[in-house]
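First comes the structure, then the notes that go with it.
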Amino acid sequence: MQTIFNSRDIGYLEEMARQMRIEIVKMLEKSGSGHTGGSLSAADIVSALYFYKMKHSPDAPGWPGRDRFVLSKGHAAPVLYAALALSGYMDRSLLCSLRKIDCPLQGHPSSKMLKGVEVSTGSLGQGLSIANGMALGLRLDKSSSRVYCLLGDGEIQEGQVWEAAMSAAHYKLDNLCAILDFNGLQIDGRVRDVMNIEPVEDKWKAFGWHTMQIDGHNMQAIADALDSAERVKDKPCIIIAKTIKGKGVSIFEGKAEYHGVAPSGAELDIAIKELGGNGK
């Protein structure tokens, strides 16, 4: 089995991120609820993972040789659904059913309802522990596959994250790469006001991790960091990606109030225009 996504074409990866953002705002407006800001902020990161770095196949979602993706910040499910649709795990038309009763596209990802979702997430703080278990299992199987875990910055206020960080370093999980979507905002306001997490990089270093800081909207920097993470040996790696909440739509950017609010019809029109889309 060969993965069909391994493009290092930066323009292509940026285009896929743009299309993902269009699908995100469209599905959220249709549902009337969901998480706008943190889905948009992570689109560049998830584009680089799904269309460049990760080994995966929509025709064989359970392929043992695949890389694993854990969306620890499960409320940002729309960014995952957009990536899965654009890479062929489902038809794009299914996106309009986000958050409908009995629909596979629940408000948080469900591995029981949608192929391509590795694990159900949404209880913040648990994803890195799950990723640790996956990485340990792959090591026992002598697999070359890797695990990628996307964390939110507000999420790492959870104590379980730091237990998992300590554990990953203890077991030298160099097949594990965490990415921190560091947009500085959470549902109650600025992260530093709710519970200051700085100095972020020093904390992860102190827990025994290899760290990198990048611009989370610079596709070249994201791709380079993912490449560098693969070369790290005997310790897990975290990419601290500085991002903008609501990235790509001026009326959402940098606003905590759009953490868990869907666009209105009028806001969708603005968003589609700014993202270069073709209407609803």
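Quick note on naming: the chains in the structure tokens go A, B, ... in the order shown, residues restart at 1 in each chain, and ligands are numbered from 1 in order of appearance.
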For A:Pro61, work out the shell of residues within 7 Å, counting only C-alpha atoms and skipping chain neighbours fewer than 4 positions away, then give it as number ranges by chain.
A: 57, 115-116
Mind checking which residues fall within 10 Å of A:Gly32, counting only C-alpha atoms, ignoring those fewer than 5 positions away in the same chain, and posting them as a short mmCIF file (atom, residue, chain, number, x, y, z; two decimals) with C-alpha atoms, in the first residue's frame?
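Okay, around39.cif is ready:
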```cif
data_model
loop_
_atom_site.label_atom_id
_atom_site.label_comp_id
_atom_site.auth_asym_id
_atom_site.auth_seq_id
_atom_site.Cartn_x
_atom_site.Cartn_y
_atom_site.Cartn_z
CA MET A 27 -20.32 23.62 7.23
CA LEU A 98 -22.21 18.61 10.51
CA ARG A 99 -23.72 18.19 13.99
CA VAL A 261 -19.71 30.49 17.55
CA ALA A 262 -20.68 29.60 13.98
CA PRO A 263 -20.78 32.24 11.23
CA SER A 264 -24.10 33.86 10.39
CA GLY A 265 -25.28 33.95 6.80
#
```
Contact residues around A:Ser97 with only C-alpha atoms at 10 Å, ignoring same-chain residues under 3 positions, as a VMD selection string
chain A and resid 27 to 28 30 to 31 93 to 94 100 to 106
Env of A:Pro78: 7 Å cut, atoms = only C-alpha atoms, seq-sep filter 3 positions within chain, self excluded. Answer as JSON, numbers by chain.
{"A": [24, 39, 81, 82]}
Please provide the set of residues having any atom within 8 Å of stretch 12-17 of chain A, restricted to only C-alpha atoms, with same-chain residues fewer than 3 positions apart removed, written as a PDB file with C-alpha atoms, in the first residue's frame.
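This is the output file around39.pdb:
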```
ATOM      1  CA  SER A   7       3.340  16.653  -2.197  1.00  0.00           C
ATOM      2  CA  ARG A   8       6.089  19.070  -1.143  1.00  0.00           C
ATOM      3  CA  ASP A   9       4.569  21.707  -3.463  1.00  0.00           C
ATOM      4  CA  MET A  20     -10.332  23.567   3.852  1.00  0.00           C
ATOM      5  CA  ARG A  21     -11.112  26.996   5.303  1.00  0.00           C
ATOM      6  CA  ALA A  43      -5.960  24.595   8.709  1.00  0.00           C
ATOM      7  CA  ASP A  44      -2.385  25.131   7.497  1.00  0.00           C
ATOM      8  CA  VAL A  46      -3.611  19.960   9.065  1.00  0.00           C
ATOM      9  CA  SER A  47      -3.136  20.584   5.345  1.00  0.00           C
ATOM     10  CA  ALA A  48       0.600  19.919   5.666  1.00  0.00           C
ATOM     11  CA  PHE A  51      -1.416  16.337   1.922  1.00  0.00           C
ATOM     12  CA  TYR A  52       2.321  16.157   2.522  1.00  0.00           C
ATOM     13  CA  LEU A  86     -10.692  16.786   0.445  1.00  0.00           C
ATOM     14  CA  MET A 219       3.600  26.444   4.946  1.00  0.00           C
TER      15      MET A 219
END
```
Running DSSP on the backbone, which parts of stretch 136-223 of chain A land in helix (DSSP H, G or I), as a PDB file with N, CA and C atoms, in the first residue's frame?
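So out12.pdb came out as:
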```
ATOM      1  N   LEU A 136       3.682   3.819  21.515  1.00  0.00           N
ATOM      2  CA  LEU A 136       4.257   2.636  22.165  1.00  0.00           C
ATOM      3  C   LEU A 136       3.844   1.355  21.438  1.00  0.00           C
ATOM      4  N   GLY A 137       2.579   1.287  21.028  1.00  0.00           N
ATOM      5  CA  GLY A 137       2.111   0.115  20.310  1.00  0.00           C
ATOM      6  C   GLY A 137       2.829  -0.079  18.983  1.00  0.00           C
ATOM      7  N   LEU A 138       3.039   1.029  18.262  1.00  0.00           N
ATOM      8  CA  LEU A 138       3.751   0.947  16.989  1.00  0.00           C
ATOM      9  C   LEU A 138       5.191   0.483  17.206  1.00  0.00           C
ATOM     10  N   ARG A 139       5.805   0.949  18.288  1.00  0.00           N
ATOM     11  CA  ARG A 139       7.171   0.502  18.587  1.00  0.00           C
ATOM     12  C   ARG A 139       7.208  -1.000  18.850  1.00  0.00           C
ATOM     13  N   LEU A 140       6.239  -1.489  19.611  1.00  0.00           N
ATOM     14  CA  LEU A 140       6.187  -2.926  19.893  1.00  0.00           C
ATOM     15  C   LEU A 140       5.996  -3.739  18.617  1.00  0.00           C
ATOM     16  N   GLU A 155      -5.796  24.050  25.974  1.00  0.00           N
ATOM     17  CA  GLU A 155      -5.858  22.656  26.404  1.00  0.00           C
ATOM     18  C   GLU A 155      -4.684  22.268  27.287  1.00  0.00           C
ATOM     19  N   ILE A 156      -3.505  22.829  27.029  1.00  0.00           N
ATOM     20  CA  ILE A 156      -2.346  22.380  27.808  1.00  0.00           C
ATOM     21  C   ILE A 156      -2.327  22.972  29.221  1.00  0.00           C
ATOM     22  N   GLN A 157      -3.402  23.667  29.583  1.00  0.00           N
ATOM     23  CA  GLN A 157      -3.599  24.007  30.995  1.00  0.00           C
ATOM     24  C   GLN A 157      -4.014  22.760  31.795  1.00  0.00           C
ATOM     25  N   GLY A 159      -3.731  19.223  33.505  1.00  0.00           N
ATOM     26  CA  GLY A 159      -2.628  18.500  34.131  1.00  0.00           C
ATOM     27  C   GLY A 159      -2.266  17.207  33.443  1.00  0.00           C
ATOM     28  N   GLN A 160      -3.253  16.521  32.862  1.00  0.00           N
ATOM     29  CA  GLN A 160      -2.975  15.246  32.215  1.00  0.00           C
ATOM     30  C   GLN A 160      -2.003  15.402  31.050  1.00  0.00           C
ATOM     31  N   VAL A 161      -2.025  16.571  30.402  1.00  0.00           N
ATOM     32  CA  VAL A 161      -1.094  16.814  29.303  1.00  0.00           C
ATOM     33  C   VAL A 161       0.342  16.670  29.791  1.00  0.00           C
ATOM     34  N   TRP A 162       0.606  17.187  30.979  1.00  0.00           N
ATOM     35  CA  TRP A 162       1.987  17.185  31.478  1.00  0.00           C
ATOM     36  C   TRP A 162       2.392  15.817  32.010  1.00  0.00           C
ATOM     37  N   GLU A 163       1.437  15.042  32.499  1.00  0.00           N
ATOM     38  CA  GLU A 163       1.740  13.646  32.822  1.00  0.00           C
ATOM     39  C   GLU A 163       2.119  12.887  31.558  1.00  0.00           C
ATOM     40  N   ALA A 164       1.367  13.130  30.487  1.00  0.00           N
ATOM     41  CA  ALA A 164       1.660  12.471  29.211  1.00  0.00           C
ATOM     42  C   ALA A 164       2.994  12.939  28.646  1.00  0.00           C
ATOM     43  N   ALA A 165       3.292  14.229  28.807  1.00  0.00           N
ATOM     44  CA  ALA A 165       4.570  14.764  28.322  1.00  0.00           C
ATOM     45  C   ALA A 165       5.738  14.085  29.035  1.00  0.00           C
ATOM     46  N   MET A 166       5.607  13.923  30.339  1.00  0.00           N
ATOM     47  CA  MET A 166       6.659  13.268  31.110  1.00  0.00           C
ATOM     48  C   MET A 166       6.816  11.809  30.693  1.00  0.00           C
ATOM     49  N   SER A 167       5.688  11.143  30.475  1.00  0.00           N
ATOM     50  CA  SER A 167       5.707   9.738  30.078  1.00  0.00           C
ATOM     51  C   SER A 167       6.353   9.549  28.705  1.00  0.00           C
ATOM     52  N   ALA A 168       5.990  10.410  27.753  1.00  0.00           N
ATOM     53  CA  ALA A 168       6.530  10.289  26.391  1.00  0.00           C
ATOM     54  C   ALA A 168       8.042  10.439  26.383  1.00  0.00           C
ATOM     55  N   ALA A 169       8.539  11.376  27.181  1.00  0.00           N
ATOM     56  CA  ALA A 169       9.993  11.558  27.252  1.00  0.00           C
ATOM     57  C   ALA A 169      10.660  10.369  27.940  1.00  0.00           C
ATOM     58  N   HIS A 170      10.027   9.857  28.994  1.00  0.00           N
ATOM     59  CA  HIS A 170      10.592   8.711  29.718  1.00  0.00           C
ATOM     60  C   HIS A 170      10.767   7.503  28.783  1.00  0.00           C
ATOM     61  N   VAL A 191      -5.415  33.262  26.681  1.00  0.00           N
ATOM     62  CA  VAL A 191      -4.867  32.143  27.439  1.00  0.00           C
ATOM     63  C   VAL A 191      -4.048  32.647  28.624  1.00  0.00           C
ATOM     64  N   ARG A 192      -3.261  33.686  28.396  1.00  0.00           N
ATOM     65  CA  ARG A 192      -2.398  34.166  29.480  1.00  0.00           C
ATOM     66  C   ARG A 192      -3.190  34.736  30.648  1.00  0.00           C
ATOM     67  N   ASP A 193      -4.430  35.158  30.410  1.00  0.00           N
ATOM     68  CA  ASP A 193      -5.263  35.682  31.487  1.00  0.00           C
ATOM     69  C   ASP A 193      -6.017  34.573  32.217  1.00  0.00           C
ATOM     70  N   VAL A 194      -6.429  33.546  31.485  1.00  0.00           N
ATOM     71  CA  VAL A 194      -7.184  32.447  32.086  1.00  0.00           C
ATOM     72  C   VAL A 194      -6.261  31.575  32.941  1.00  0.00           C
ATOM     73  N   MET A 195      -5.143  31.146  32.356  1.00  0.00           N
ATOM     74  CA  MET A 195      -4.117  30.388  33.078  1.00  0.00           C
ATOM     75  C   MET A 195      -2.860  30.451  32.226  1.00  0.00           C
ATOM     76  N   VAL A 200       6.257  28.538  27.308  1.00  0.00           N
ATOM     77  CA  VAL A 200       5.827  27.268  26.739  1.00  0.00           C
ATOM     78  C   VAL A 200       7.011  26.391  26.317  1.00  0.00           C
ATOM     79  N   GLU A 201       7.913  26.943  25.531  1.00  0.00           N
ATOM     80  CA  GLU A 201       9.010  26.123  25.026  1.00  0.00           C
ATOM     81  C   GLU A 201       9.886  25.604  26.157  1.00  0.00           C
ATOM     82  N   ASP A 202      10.172  26.449  27.137  1.00  0.00           N
ATOM     83  CA  ASP A 202      10.999  26.016  28.271  1.00  0.00           C
ATOM     84  C   ASP A 202      10.348  24.866  29.033  1.00  0.00           C
ATOM     85  N   LYS A 203       9.026  24.908  29.162  1.00  0.00           N
ATOM     86  CA  LYS A 203       8.322  23.835  29.872  1.00  0.00           C
ATOM     87  C   LYS A 203       8.504  22.504  29.149  1.00  0.00           C
ATOM     88  N   TRP A 204       8.292  22.485  27.846  1.00  0.00           N
ATOM     89  CA  TRP A 204       8.428  21.232  27.108  1.00  0.00           C
ATOM     90  C   TRP A 204       9.877  20.740  27.118  1.00  0.00           C
ATOM     91  N   LYS A 205      10.820  21.656  27.023  1.00  0.00           N
ATOM     92  CA  LYS A 205      12.228  21.256  27.119  1.00  0.00           C
ATOM     93  C   LYS A 205      12.517  20.622  28.469  1.00  0.00           C
ATOM     94  N   ALA A 206      11.965  21.228  29.527  1.00  0.00           N
ATOM     95  CA  ALA A 206      12.201  20.708  30.873  1.00  0.00           C
ATOM     96  C   ALA A 206      11.618  19.304  31.049  1.00  0.00           C
ATOM     97  N   MET A 219       3.635  27.848   5.353  1.00  0.00           N
ATOM     98  CA  MET A 219       3.600  26.444   4.946  1.00  0.00           C
ATOM     99  C   MET A 219       4.998  25.855   4.787  1.00  0.00           C
ATOM    100  N   GLN A 220       5.923  26.653   4.292  1.00  0.00           N
ATOM    101  CA  GLN A 220       7.293  26.161   4.159  1.00  0.00           C
ATOM    102  C   GLN A 220       7.859  25.805   5.534  1.00  0.00           C
ATOM    103  N   ALA A 221       7.619  26.672   6.521  1.00  0.00           N
ATOM    104  CA  ALA A 221       8.121  26.422   7.873  1.00  0.00           C
ATOM    105  C   ALA A 221       7.471  25.189   8.489  1.00  0.00           C
ATOM    106  N   ILE A 222       6.182  24.992   8.221  1.00  0.00           N
ATOM    107  CA  ILE A 222       5.489  23.817   8.758  1.00  0.00           C
ATOM    108  C   ILE A 222       6.079  22.539   8.167  1.00  0.00           C
ATOM    109  N   ALA A 223       6.234  22.528   6.840  1.00  0.00           N
ATOM    110  CA  ALA A 223       6.781  21.340   6.172  1.00  0.00           C
ATOM    111  C   ALA A 223       8.201  21.051   6.640  1.00  0.00           C
TER     112      ALA A 223
END
```
